[in-house]
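What follows is a short report on a single structure.
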Amino acid sequence: MAIALIVIAVLFYVLFMTREDKGHIKTVYKCVPTLCACALAVYTALKGNASVNLYLIICGLAFCVLADAALEKAIIPGAALFGAAHLCFTAAFIVSRSHGYVFIVCFAVLFTFLCYMFTKLRKHKPEQAPFIGFILYAFLLSVMASLGIDLGGALAAGGVLFALSDTILFLRMFGALHGKVYGWVLMGAYYAALFLIAAGA
């Protein structure tokens, strides 16, 4: 089941990245890999391995599906839905076990890095980067990724790749990165992060 879902996800990832127009079909292509990651988590729950953190991760993955679709139309609704996904992932990671200094150090480093990048690049397109909105999103992303790193394993890899994909997206949005290769890396890291989070649950 997992192999079939990964194969489908890879197929639609390629279809999404190679399609030039921005129509509804491309939006469907974009959402299918995320749906596959969500299906993997649901399949795990149906097998009787359900837990509170797994249900929270399923909710987070569902928000990611909605965010993928919304982001094709407007940035703010998409970012809000991704913020909701990060809240679900964060809650799932918190209930998994207690966290210590690894989380604190990772959060401090990641949040400082994101805020530094934001203040450096924002001056080029201030109208596209509301200060409070970005700081809140950077906070949620940093907390989620740092908790995942503290948990280790697939969740750590998922948290790191999610942070990487969002960082690349941010840099591309402000014109700091150019070229199609970064788009492939961005979406590849994002889809891989979702599968790792689903598997790590």
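Each chain in the structure tokens gets a letter, A, B, ..., in the order shown, and its residues are numbered from 1; ligands are numbered from 1 in order too.
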Requested in this report: For Leu81 (chain A), list every protein, DNA or RNA residue within 9 Å, evaluated using only C-alpha atoms, and leave out those in the same chain fewer than 6 positions away; present the list as a list in words.
Outcome: Phe63, Cys64, Leu66, Ala67, Asp68 and Ala70 of chain A
Write the residues of the preceding selection, restricted to C-alpha atoms, as a short mmCIF file (atom, residue, chain, number, x, y, z; two decimals), in the first residue's frame.
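As written to disk, again_14.cif reads:
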```
data_model
loop_
_atom_site.label_atom_id
_atom_site.label_comp_id
_atom_site.auth_asym_id
_atom_site.auth_seq_id
_atom_site.Cartn_x
_atom_site.Cartn_y
_atom_site.Cartn_z
CA PHE A 63 -5.04 21.02 5.85
CA CYS A 64 -2.01 20.67 3.57
CA LEU A 66 -6.52 22.36 1.14
CA ALA A 67 -3.50 24.67 1.32
CA ASP A 68 -2.05 23.22 -1.89
CA ALA A 70 -5.69 27.51 -2.08
#
```
Report as a tab-separated table the residues of region 112-201 of chain A within 9 Å of region 32-42 of chain A, each with its shortest atom pair and distance in Å (one decimal), using only C-alpha atoms, ordered by chain and increasing residue number.
```
residue	atom	partner	partner_atom	distance
A:Tyr191	CA	A:Thr34	CA	6.6
A:Ala192	CA	A:Ala37	CA	8.9
A:Leu194	CA	A:Ala37	CA	6.0
A:Phe195	CA	A:Ala37	CA	5.0
A:Leu196	CA	A:Ala37	CA	8.6
A:Ile197	CA	A:Ala37	CA	8.6
A:Ala198	CA	A:Ala41	CA	5.2
A:Ala199	CA	A:Ala41	CA	7.0
A:Ala201	CA	A:Ala41	CA	7.6
```
Requested in this report: May I have all residues of region 53-196 of chain A that DSSP, computed from the backbone, assigns to alpha helix (DSSP H), given as a PyMOL selection string?
Outcome: chain A and resi 53-71+75-96+101-121+131-151+153-173+180-196
**Report entry** Between CA of Tyr137 (chain A) and CA of Phe118 (chain A), distance in Å (one decimal)
**Finding:** 11.5 Å
Listing only residues of region 62-101 of chain A within 12 Å of region 162-182 of chain A, what is the closest atom pair and its distance in Å (to one decimal) for each, using only C-alpha atoms, sorted by chain and residue number ascending, as a Markdown table?
```
| residue | atom | partner | partner_atom | distance |
| --- | --- | --- | --- | --- |
| A:Cys64 | CA | A:Phe162 | CA | 11.5 |
| A:Leu71 | CA | A:Leu169 | CA | 11.7 |
| A:Ile75 | CA | A:Met173 | CA | 10.5 |
| A:Ala79 | CA | A:Asp166 | CA | 10.4 |
| A:Phe82 | CA | A:Asp166 | CA | 10.3 |
| A:Gly83 | CA | A:Asp166 | CA | 11.7 |
| A:Ala85 | CA | A:Phe162 | CA | 11.5 |
| A:His86 | CA | A:Phe162 | CA | 10.0 |
| A:Phe89 | CA | A:Phe162 | CA | 11.3 |
```
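Minimum atom-to-atom distance to Val102 (chain A), evaluated using only C-alpha atoms, belongs to A:Gly152 out of A:Gly48, A:Gly183, A:Gly158, A:Gly152.
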